[in-house]
Amino acid sequence: MPSYRLKTQFYLGLLSGLVTVTLSYILRVTINTPFLPELAAAAIISITPASIESQIILLLREAAKYITILSASIINVLLYGLLTVLIFSLSEDRRVRAGVAVGLAALINMGLAFSFIMLSEVEPVRITLSSLLLGILLPSFSYGMLLSLPPTLLYGETKTRRVCNALSTSKSFKNRRRLFIHTLSASALAFVIIIYGLEKILNNRTQLENNVETTQYQETGDVLNHPITRSVAEYEVTPNELFYRVDINTITTPNIDVSRWRLRISGSVYNELYLTYDEITSLPYVEEYTTLECVSNEIGGDLMSTAKWRGVKLKDILQRAGVKQGAKYVVFKCYDGYDVGIPLEKALEENVILAYMMNDRQLPKDHGFPLRAVVPSYYGMMNAKWITGIEVVDETYNGFWQRRGWANEAEYKIHSTILTHGNPKLRRRFPSLAKHPTYAILNRRTIVAGIAFAGDRGIERVEVSVDGGRTWENATLKDPLSGSTWVIWALEWLPTRSGGTKIMVRAVDKTGKVQTAVVKPPFPDGATGYHVIDIEVKPSAP
């Protein structure tokens with residue numbers, strides 16, 4: 001077969017595949033049907049060792065899941081190109097070709113879907129036979145229809161053959177090929193934007209060096225009332241739209257119909273319960289401020305935030321069900337397939353709640369609506385979202401991440417972070433700091449401020465060194481919102497030498513434990529080490 005025909009067929013397959021994959025994605029986000037690249041991404045996540053996965057998360061952060069699904073989408077499109085060449089070799093008849101295309105595409109996609117589902121421990125979307133058939137058959141049908149296009153649009157006419165032969169060695173052909181590649185690249189880029197979401201592209205990621213204030217501040221005698229410290233305190237509670245999000249979902253978070261949702265309490269209990277959303281929200285509630293942090297957060301990282309939560313005590317729900325003797329763990333089962341367990345004694349603590357409100361608003365969809373756990377002493381992976389069931393078991397339970405090597409009883413390490421200088425990632429949770437410079441000016445007093453956190457153990461003391469660790473000074477602490485939130489600290493500093501210098505911070509929790517200087521990556525139980533920044537002291541204001 002002439003090479004130009006193979007190229008034409010392959011290019012047609014790529015374009016048809018791109019249309020088909022895009023249609024499949026539209027079905028995913030509109031009517032919640034399975035999306036093959038998403039299933040592939042979930043399978044990849046499930047079989048990737050946690051030690052490797054943690055490094056990928058540190059390197060790529062939230063983009064990791066989007067890169068995975070984009071890669072799977074590109075492979076999916078390439079497979080359509082190869083499949084098209086195969087189909088054209090089987091038949092030249094348009095109607096036969098369309099039927100073969102629909103049948104082969106549906107069979108292959110169904111087989112891949114079932115394979116990915118078997119490999120994956122989670123379901124990115126709640127899969128039923130009807131949704132699977134719709135998500136596979138409709139795109140496969142559209143693919144077949146595209147391949148039934150008239151042959152004059154593809155090849156086969158003598159004139160078309162002569163033109164193709166002439167163009168294959170001409171500059172025009174090269175230009176057209178380049179145009180095709182550019183078009184395909186642009187389409188792929190557009191697909192990335194669709195998946196990532198416009199809200200991710202147009203979010204409020206402030207450029208920290210723009211519009212900074214260089215006014216010389218006078219010593220106030222009260223560092224907590226200094227404008228810089230007040231800018232930190234302005235975002236002591238993280239707005240819902242800035243609150244960090246890490247979960248196992250690759251495209252969209254679960255969209256749960258609360259009228260049909262039930263919370264099942266089962267396992268080693270005397271009374272199995274099924275509670276509706278209205279029944280839960282009508283129970284006596286508590287409100288508490290709690291900071292959450294992802295176990296994969298690096299030192300100075302932005303995977304931590306603070307919110308005001310309203311919900312019912314988990315203890316009260318368990319007491320209604322009646323926990324049997326010998327029970328050891330309480331397991332959260334979630335709509336997206338995630339699962340995690342906490343020790344029974346932890347579940348019975350007064351500050352562990354099932355939250356349905358966040359910052360005085362209904363719990364957002366992206367943060368676990370209709371119900372999530374808030375466990376103040378444990379890293380975020382233990383704070384399950386989109387909970388549909390609670391099972392009491394008689395043995396230690398290893399959840400989704402624990403089966404991949406992450407710690408089971410992952411208590412928060414002591415962390416302290418400098419926010420006002422340098423360019424720490426956590427600064428993006430405090431956009432009001434954008435008006436303040438990240439550098440210092442020689443012989444001008446400034447404020448070094450940040451946060452410290454140790455779970456529900458609280459912070460007793462924060463120490464700051466402005467000379468690379470040779471000497472340490474106690475910072476002033478702002479009263480925390482609760483015993484389970486980060487603490488804002490501040491220290492007044494007068495730079496006396498221009499050039500670069502290192503500033504570092506360490507904290508002591510209320511049990512007397514001192515933050516370790518030993519630098520350790522997040523896997524398997526949380527990062528450790530001092531937060532150290534290099535700061536520039538300028539001779540004068542720019």
# chains A, B, ... in the order shown; residues from 1 in each chain; ligands from 1
call {"tool": "closest_atom_pairs", "arguments": {"of": "stretch 325-398 of chain A", "to": "stretch 302-319 of chain A", "cutoff": "8 Å", "atoms": "only C-alpha atoms", "output": "tab-separated table"}}
result
residue	atom	partner	partner_atom	distance
A:Ala347	CA	A:Lys315	CA	6.4
A:Leu348	CA	A:Lys315	CA	4.6
A:Glu349	CA	A:Lys315	CA	6.9
A:Glu350	CA	A:Lys313	CA	6.8
A:Asn351	CA	A:Lys313	CA	7.2
A:Val352	CA	A:Leu314	CA	6.1
A:Ile353	CA	A:Lys313	CA	4.3
A:Leu354	CA	A:Gly311	CA	5.2
A:Ala355	CA	A:Gly311	CA	3.9
A:Tyr356	CA	A:Gly311	CA	5.5
A:Met357	CA	A:Arg310	CA	5.0
A:Met358	CA	A:Trp309	CA	4.8
A:Asn359	CA	A:Lys308	CA	4.7
A:Asp360	CA	A:Lys308	CA	7.2
call {"tool": "write_last_selection", "arguments": {"atoms": "C-alpha atoms", "output": "JSON list (two decimals), in the first residue's frame"}}
result
[["chain", "number", "residue", "atom", "x", "y", "z"],
["A", 347, "ALA", "CA", -12.43, 8.32, 67.02],
["A", 348, "LEU", "CA", -13.91, 8.78, 70.49],
["A", 349, "GLU", "CA", -11.97, 11.99, 71.21],
["A", 350, "GLU", "CA", -14.10, 15.11, 71.67],
["A", 351, "ASN", "CA", -12.53, 17.09, 68.82],
["A", 352, "VAL", "CA", -13.03, 14.47, 66.08],
["A", 353, "ILE", "CA", -16.09, 15.43, 64.04],
["A", 354, "LEU", "CA", -18.04, 14.64, 60.91],
["A", 355, "ALA", "CA", -18.25, 18.05, 59.25],
["A", 356, "TYR", "CA", -20.98, 19.29, 56.91],
["A", 357, "MET", "CA", -20.14, 23.01, 56.98],
["A", 358, "MET", "CA", -16.89, 24.84, 56.22],
["A", 359, "ASN", "CA", -16.32, 28.50, 57.07],
["A", 360, "ASP", "CA", -20.05, 29.04, 57.76]]
call {"tool": "residues_around", "arguments": {"residues": "A:Thr528", "least_positions_apart": "3", "cutoff": "8 Å", "atoms": "only C-alpha atoms", "output": "ChimeraX atom specification"}}
result
/A:299,413-415,515-522
call {"tool": "write_last_selection", "arguments": {"atoms": "C-alpha atoms", "output": "mmCIF file, in the first residue's frame"}}
result
data_model
loop_
_atom_site.group_PDB
_atom_site.id
_atom_site.type_symbol
_atom_site.label_atom_id
_atom_site.label_comp_id
_atom_site.auth_asym_id
_atom_site.auth_seq_id
_atom_site.Cartn_x
_atom_site.Cartn_y
_atom_site.Cartn_z
ATOM 1 C CA ILE A 299 8.847 21.979 54.482
ATOM 2 C CA LYS A 413 5.151 16.619 62.884
ATOM 3 C CA ILE A 414 6.120 20.043 64.232
ATOM 4 C CA HIS A 415 6.308 22.537 61.372
ATOM 5 C CA GLN A 515 11.179 20.634 66.070
ATOM 6 C CA THR A 516 13.998 18.550 64.647
ATOM 7 C CA ALA A 517 16.606 20.013 62.322
ATOM 8 C CA VAL A 518 16.989 16.670 60.538
ATOM 9 C CA VAL A 519 15.773 17.091 56.965
ATOM 10 C CA LYS A 520 13.571 14.182 55.866
ATOM 11 C CA PRO A 521 11.208 13.895 52.876
ATOM 12 C CA PRO A 522 7.456 13.422 53.403
#
call {"tool": "residues_around", "arguments": {"residues": "A:Leu79", "least_positions_apart": "2", "cutoff": "10 Å", "atoms": "only C-alpha atoms", "output": "PyMOL selection string"}}
result
chain A and resi 10+13-14+17+73-77+81-84+105
call {"tool": "closest_residue", "arguments": {"among": "A:Pro34, A:Glu492, A:Glu473, A:Tyr338", "to": "A:Ala384", "atoms": "only C-alpha atoms"}}
result
A:Tyr338
call {"tool": "residues_around", "arguments": {"residues": "A:Tyr244", "least_positions_apart": "2", "cutoff": "10 Å", "atoms": "only C-alpha atoms", "output": "list of chain:residue names"}}
result
A:Glu62, A:Thr238, A:Pro239, A:Asn240, A:Glu241, A:Leu242, A:Val246, A:Leu292, A:Glu293, A:Cys294, A:Asp302, A:Leu303, A:Met304, A:Ser305, A:Thr306, A:Asp366, A:His367, A:Arg429
call {"tool": "atom_distance", "arguments": {"atom1": "atom CA of A:Glu460", "atom2": "atom CA of A:Thr290"}}
result
17.3 Å
call {"tool": "select_by_dssp", "arguments": {"residues": "stretch 208-443 of chain A", "states": "helix (DSSP H, G or I)", "output": "PyMOL selection string"}}
result
chain A and resi 223-225+227-233+240-242+277-281+314-321+344-347+365-367+380-382+402-404+425-429+431-435
call {"tool": "write_last_selection", "arguments": {"atoms": "C-alpha atoms", "output": "short mmCIF file (atom, residue, chain, number, x, y, z; two decimals), in the first residue's frame"}}
result
data_model
loop_
_atom_site.label_atom_id
_atom_site.label_comp_id
_atom_site.auth_asym_id
_atom_site.auth_seq_id
_atom_site.Cartn_x
_atom_site.Cartn_y
_atom_site.Cartn_z
CA VAL A 223 4.79 43.29 66.41
CA LEU A 224 1.36 41.63 66.27
CA ASN A 225 -0.22 44.95 65.27
CA PRO A 227 0.89 45.89 59.06
CA ILE A 228 2.92 42.87 57.90
CA THR A 229 1.70 40.68 60.76
CA ARG A 230 -1.86 41.88 60.23
CA SER A 231 -1.57 40.81 56.60
CA VAL A 232 -0.71 37.29 57.77
CA ALA A 233 -3.56 37.33 60.29
CA ASN A 240 -12.73 27.90 50.85
CA GLU A 241 -11.48 28.78 47.37
CA LEU A 242 -7.86 28.93 48.64
CA TYR A 277 -28.28 14.23 55.56
CA ASP A 278 -31.19 15.98 57.27
CA GLU A 279 -30.98 13.62 60.24
CA ILE A 280 -27.28 14.33 60.67
CA THR A 281 -27.63 18.11 60.36
CA LEU A 314 -18.04 11.11 65.67
CA LYS A 315 -18.22 9.91 69.25
CA ASP A 316 -21.95 10.69 69.40
CA ILE A 317 -22.67 8.72 66.22
CA LEU A 318 -20.72 5.71 67.47
CA GLN A 319 -22.51 5.82 70.80
CA ARG A 320 -25.86 5.72 69.02
CA ALA A 321 -24.74 2.64 67.13
CA LEU A 344 -11.21 3.63 68.06
CA GLU A 345 -9.75 5.62 70.96
CA LYS A 346 -8.92 8.43 68.53
CA ALA A 347 -12.43 8.32 67.02
CA LYS A 365 -18.19 19.70 46.69
CA ASP A 366 -14.40 19.75 46.30
CA HIS A 367 -13.88 19.33 50.04
CA GLY A 380 -4.99 15.04 55.96
CA MET A 381 -5.05 11.53 54.49
CA MET A 382 -6.85 10.39 57.66
CA GLN A 402 -1.37 2.81 54.03
CA ARG A 403 -1.49 -0.15 51.64
CA ARG A 404 1.04 1.81 49.59
CA LYS A 425 4.98 28.09 48.55
CA LEU A 426 2.73 28.49 51.59
CA ARG A 427 2.67 32.24 50.93
CA ARG A 428 0.04 31.68 48.21
CA ARG A 429 -2.47 30.87 50.99
CA PRO A 431 -2.52 36.67 49.24
CA SER A 432 -2.61 39.83 51.37
CA LEU A 433 1.17 39.49 51.72
CA ALA A 434 1.55 40.38 48.04
CA LYS A 435 1.66 44.09 48.93
#
call {"tool": "closest_residue", "arguments": {"among": "A:Val323, A:Ile45, A:Cys334, A:Leu147", "to": "A:Leu263", "atoms": "only C-alpha atoms"}}
result
A:Cys334
call {"tool": "residues_around", "arguments": {"residues": "A:Arg28", "least_positions_apart": "6", "cutoff": "10 Å", "atoms": "only C-alpha atoms", "output": "list of chain:residue names"}}
result
A:Thr22, A:Pro34, A:Phe35, A:Leu36, A:Glu38, A:Val125, A:Ser131, A:Gly135, A:Ile251, A:Thr252
call {"tool": "residues_around", "arguments": {"residues": "A:Ile69", "least_positions_apart": "4", "cutoff": "8 Å", "atoms": "only C-alpha atoms", "output": "ChimeraX atom specification"}}
result
/A:37-38,40-41,65,73,250
call {"tool": "write_last_selection", "arguments": {"atoms": "C-alpha atoms", "output": "CSV table (one decimal), in the first residue's frame"}}
result
chain,number,residue,atom,x,y,z
A,37,PRO,CA,-7.9,7.9,30.2
A,38,GLU,CA,-9.2,8.7,33.8
A,40,ALA,CA,-6.1,4.4,33.1
A,41,ALA,CA,-4.7,7.2,35.4
A,65,LYS,CA,-2.7,13.9,38.1
A,73,SER,CA,-5.4,10.7,26.6
A,250,THR,CA,-8.3,12.9,38.5
call {"tool": "atom_distance", "arguments": {"atom1": "atom CA of A:Asp525", "atom2": "atom CA of A:Leu371"}}
result
25.5 Å
call {"tool": "atom_distance", "arguments": {"atom1": "atom CA of A:Thr30", "atom2": "atom CA of A:Gly99"}}
result
27.1 Å
call {"tool": "closest_residue", "arguments": {"among": "A:Gly399, A:Ala541, A:Ala410, A:Arg470", "to": "A:Leu442", "atoms": "only C-alpha atoms"}}
result
A:Ala541
call {"tool": "decode", "arguments": {"residues": "stretch 98-136 of chain A", "atoms": "N, CA and C atoms", "output": "PDB file, in the first residue's frame"}}
result
ATOM      1  N   ALA A  98     -17.449   1.388   8.787  1.00  0.00           N
ATOM      2  CA  ALA A  98     -18.087   2.013   9.947  1.00  0.00           C
ATOM      3  C   ALA A  98     -18.502   0.961  10.968  1.00  0.00           C
ATOM      4  N   GLY A  99     -19.108  -0.136  10.486  1.00  0.00           N
ATOM      5  CA  GLY A  99     -19.528  -1.194  11.404  1.00  0.00           C
ATOM      6  C   GLY A  99     -18.361  -1.843  12.109  1.00  0.00           C
ATOM      7  N   VAL A 100     -17.294  -2.117  11.344  1.00  0.00           N
ATOM      8  CA  VAL A 100     -16.101  -2.713  11.942  1.00  0.00           C
ATOM      9  C   VAL A 100     -15.484  -1.768  12.970  1.00  0.00           C
ATOM     10  N   ALA A 101     -15.446  -0.480  12.635  1.00  0.00           N
ATOM     11  CA  ALA A 101     -14.867   0.515  13.549  1.00  0.00           C
ATOM     12  C   ALA A 101     -15.637   0.569  14.861  1.00  0.00           C
ATOM     13  N   VAL A 102     -16.966   0.616  14.776  1.00  0.00           N
ATOM     14  CA  VAL A 102     -17.780   0.665  15.996  1.00  0.00           C
ATOM     15  C   VAL A 102     -17.543  -0.586  16.834  1.00  0.00           C
ATOM     16  N   GLY A 103     -17.586  -1.748  16.177  1.00  0.00           N
ATOM     17  CA  GLY A 103     -17.427  -3.002  16.913  1.00  0.00           C
ATOM     18  C   GLY A 103     -16.069  -3.139  17.556  1.00  0.00           C
ATOM     19  N   LEU A 104     -14.985  -2.887  16.791  1.00  0.00           N
ATOM     20  CA  LEU A 104     -13.635  -3.022  17.341  1.00  0.00           C
ATOM     21  C   LEU A 104     -13.365  -1.990  18.437  1.00  0.00           C
ATOM     22  N   ALA A 105     -13.758  -0.739  18.193  1.00  0.00           N
ATOM     23  CA  ALA A 105     -13.531   0.306  19.192  1.00  0.00           C
ATOM     24  C   ALA A 105     -14.258  -0.022  20.482  1.00  0.00           C
ATOM     25  N   ALA A 106     -15.513  -0.442  20.383  1.00  0.00           N
ATOM     26  CA  ALA A 106     -16.282  -0.780  21.587  1.00  0.00           C
ATOM     27  C   ALA A 106     -15.665  -1.960  22.322  1.00  0.00           C
ATOM     28  N   LEU A 107     -15.260  -3.000  21.568  1.00  0.00           N
ATOM     29  CA  LEU A 107     -14.678  -4.181  22.186  1.00  0.00           C
ATOM     30  C   LEU A 107     -13.353  -3.861  22.880  1.00  0.00           C
ATOM     31  N   ILE A 108     -12.478  -3.126  22.184  1.00  0.00           N
ATOM     32  CA  ILE A 108     -11.178  -2.787  22.758  1.00  0.00           C
ATOM     33  C   ILE A 108     -11.337  -1.865  23.967  1.00  0.00           C
ATOM     34  N   ASN A 109     -12.177  -0.829  23.822  1.00  0.00           N
ATOM     35  CA  ASN A 109     -12.366   0.107  24.934  1.00  0.00           C
ATOM     36  C   ASN A 109     -12.995  -0.567  26.144  1.00  0.00           C
ATOM     37  N   MET A 110     -13.937  -1.469  25.898  1.00  0.00           N
ATOM     38  CA  MET A 110     -14.563  -2.183  27.009  1.00  0.00           C
ATOM     39  C   MET A 110     -13.545  -3.073  27.716  1.00  0.00           C
ATOM     40  N   GLY A 111     -12.716  -3.757  26.927  1.00  0.00           N
ATOM     41  CA  GLY A 111     -11.692  -4.594  27.519  1.00  0.00           C
ATOM     42  C   GLY A 111     -10.690  -3.793  28.338  1.00  0.00           C
ATOM     43  N   LEU A 112     -10.261  -2.646  27.797  1.00  0.00           N
ATOM     44  CA  LEU A 112      -9.335  -1.786  28.535  1.00  0.00           C
ATOM     45  C   LEU A 112      -9.981  -1.248  29.804  1.00  0.00           C
ATOM     46  N   ALA A 113     -11.253  -0.842  29.704  1.00  0.00           N
ATOM     47  CA  ALA A 113     -11.950  -0.305  30.869  1.00  0.00           C
ATOM     48  C   ALA A 113     -12.010  -1.331  31.996  1.00  0.00           C
ATOM     49  N   PHE A 114     -12.394  -2.557  31.662  1.00  0.00           N
ATOM     50  CA  PHE A 114     -12.462  -3.593  32.692  1.00  0.00           C
ATOM     51  C   PHE A 114     -11.081  -3.895  33.261  1.00  0.00           C
ATOM     52  N   SER A 115     -10.055  -3.877  32.431  1.00  0.00           N
ATOM     53  CA  SER A 115      -8.695  -4.116  32.917  1.00  0.00           C
ATOM     54  C   SER A 115      -8.264  -3.034  33.899  1.00  0.00           C
ATOM     55  N   PHE A 116      -8.539  -1.778  33.545  1.00  0.00           N
ATOM     56  CA  PHE A 116      -8.158  -0.675  34.428  1.00  0.00           C
ATOM     57  C   PHE A 116      -8.942  -0.728  35.741  1.00  0.00           C
ATOM     58  N   ILE A 117     -10.215  -1.077  35.660  1.00  0.00           N
ATOM     59  CA  ILE A 117     -11.037  -1.174  36.868  1.00  0.00           C
ATOM     60  C   ILE A 117     -10.497  -2.263  37.790  1.00  0.00           C
ATOM     61  N   MET A 118     -10.076  -3.382  37.203  1.00  0.00           N
ATOM     62  CA  MET A 118      -9.538  -4.478  38.015  1.00  0.00           C
ATOM     63  C   MET A 118      -8.216  -4.084  38.673  1.00  0.00           C
ATOM     64  N   LEU A 119      -7.395  -3.298  37.971  1.00  0.00           N
ATOM     65  CA  LEU A 119      -6.106  -2.873  38.515  1.00  0.00           C
ATOM     66  C   LEU A 119      -6.247  -1.795  39.582  1.00  0.00           C
ATOM     67  N   SER A 120      -7.299  -0.996  39.467  1.00  0.00           N
ATOM     68  CA  SER A 120      -7.464   0.160  40.341  1.00  0.00           C
ATOM     69  C   SER A 120      -8.233  -0.210  41.598  1.00  0.00           C
ATOM     70  N   GLU A 121      -7.825   0.437  42.709  1.00  0.00           N
ATOM     71  CA  GLU A 121      -8.536   0.236  43.969  1.00  0.00           C
ATOM     72  C   GLU A 121      -9.626   1.270  44.167  1.00  0.00           C
ATOM     73  N   VAL A 122      -9.731   2.205  43.261  1.00  0.00           N
ATOM     74  CA  VAL A 122     -10.732   3.261  43.408  1.00  0.00           C
ATOM     75  C   VAL A 122     -11.524   3.370  42.119  1.00  0.00           C
ATOM     76  N   GLU A 123     -12.688   3.982  42.236  1.00  0.00           N
ATOM     77  CA  GLU A 123     -13.500   4.288  41.069  1.00  0.00           C
ATOM     78  C   GLU A 123     -13.559   5.799  40.921  1.00  0.00           C
ATOM     79  N   PRO A 124     -12.897   6.386  39.894  1.00  0.00           N
ATOM     80  CA  PRO A 124     -12.948   7.831  39.705  1.00  0.00           C
ATOM     81  C   PRO A 124     -14.378   8.331  39.561  1.00  0.00           C
ATOM     82  N   VAL A 125     -15.246   7.477  39.031  1.00  0.00           N
ATOM     83  CA  VAL A 125     -16.651   7.818  38.880  1.00  0.00           C
ATOM     84  C   VAL A 125     -17.433   6.565  39.246  1.00  0.00           C
ATOM     85  N   ARG A 126     -18.592   6.739  39.856  1.00  0.00           N
ATOM     86  CA  ARG A 126     -19.410   5.602  40.241  1.00  0.00           C
ATOM     87  C   ARG A 126     -19.866   4.871  38.979  1.00  0.00           C
ATOM     88  N   ILE A 127     -19.374   3.646  38.801  1.00  0.00           N
ATOM     89  CA  ILE A 127     -19.573   2.926  37.542  1.00  0.00           C
ATOM     90  C   ILE A 127     -20.724   1.942  37.673  1.00  0.00           C
ATOM     91  N   THR A 128     -21.674   2.057  36.745  1.00  0.00           N
ATOM     92  CA  THR A 128     -22.737   1.077  36.594  1.00  0.00           C
ATOM     93  C   THR A 128     -22.638   0.506  35.190  1.00  0.00           C
ATOM     94  N   LEU A 129     -23.307  -0.609  34.960  1.00  0.00           N
ATOM     95  CA  LEU A 129     -23.252  -1.212  33.632  1.00  0.00           C
ATOM     96  C   LEU A 129     -23.810  -0.268  32.577  1.00  0.00           C
ATOM     97  N   SER A 130     -24.895   0.434  32.918  1.00  0.00           N
ATOM     98  CA  SER A 130     -25.498   1.355  31.945  1.00  0.00           C
ATOM     99  C   SER A 130     -24.571   2.523  31.637  1.00  0.00           C
ATOM    100  N   SER A 131     -23.935   3.090  32.666  1.00  0.00           N
ATOM    101  CA  SER A 131     -23.025   4.215  32.418  1.00  0.00           C
ATOM    102  C   SER A 131     -21.799   3.760  31.643  1.00  0.00           C
ATOM    103  N   LEU A 132     -21.326   2.545  31.920  1.00  0.00           N
ATOM    104  CA  LEU A 132     -20.174   2.020  31.195  1.00  0.00           C
ATOM    105  C   LEU A 132     -20.500   1.813  29.722  1.00  0.00           C
ATOM    106  N   LEU A 133     -21.675   1.243  29.473  1.00  0.00           N
ATOM    107  CA  LEU A 133     -22.076   1.013  28.083  1.00  0.00           C
ATOM    108  C   LEU A 133     -22.245   2.331  27.331  1.00  0.00           C
ATOM    109  N   LEU A 134     -22.875   3.309  27.994  1.00  0.00           N
ATOM    110  CA  LEU A 134     -23.070   4.605  27.353  1.00  0.00           C
ATOM    111  C   LEU A 134     -21.737   5.290  27.097  1.00  0.00           C
ATOM    112  N   GLY A 135     -20.832   5.251  28.089  1.00  0.00           N
ATOM    113  CA  GLY A 135     -19.540   5.906  27.948  1.00  0.00           C
ATOM    114  C   GLY A 135     -18.639   5.253  26.921  1.00  0.00           C
ATOM    115  N   ILE A 136     -18.889   3.979  26.611  1.00  0.00           N
ATOM    116  CA  ILE A 136     -18.080   3.270  25.618  1.00  0.00           C
ATOM    117  C   ILE A 136     -18.745   3.293  24.244  1.00  0.00           C
TER     118      ILE A 136
END
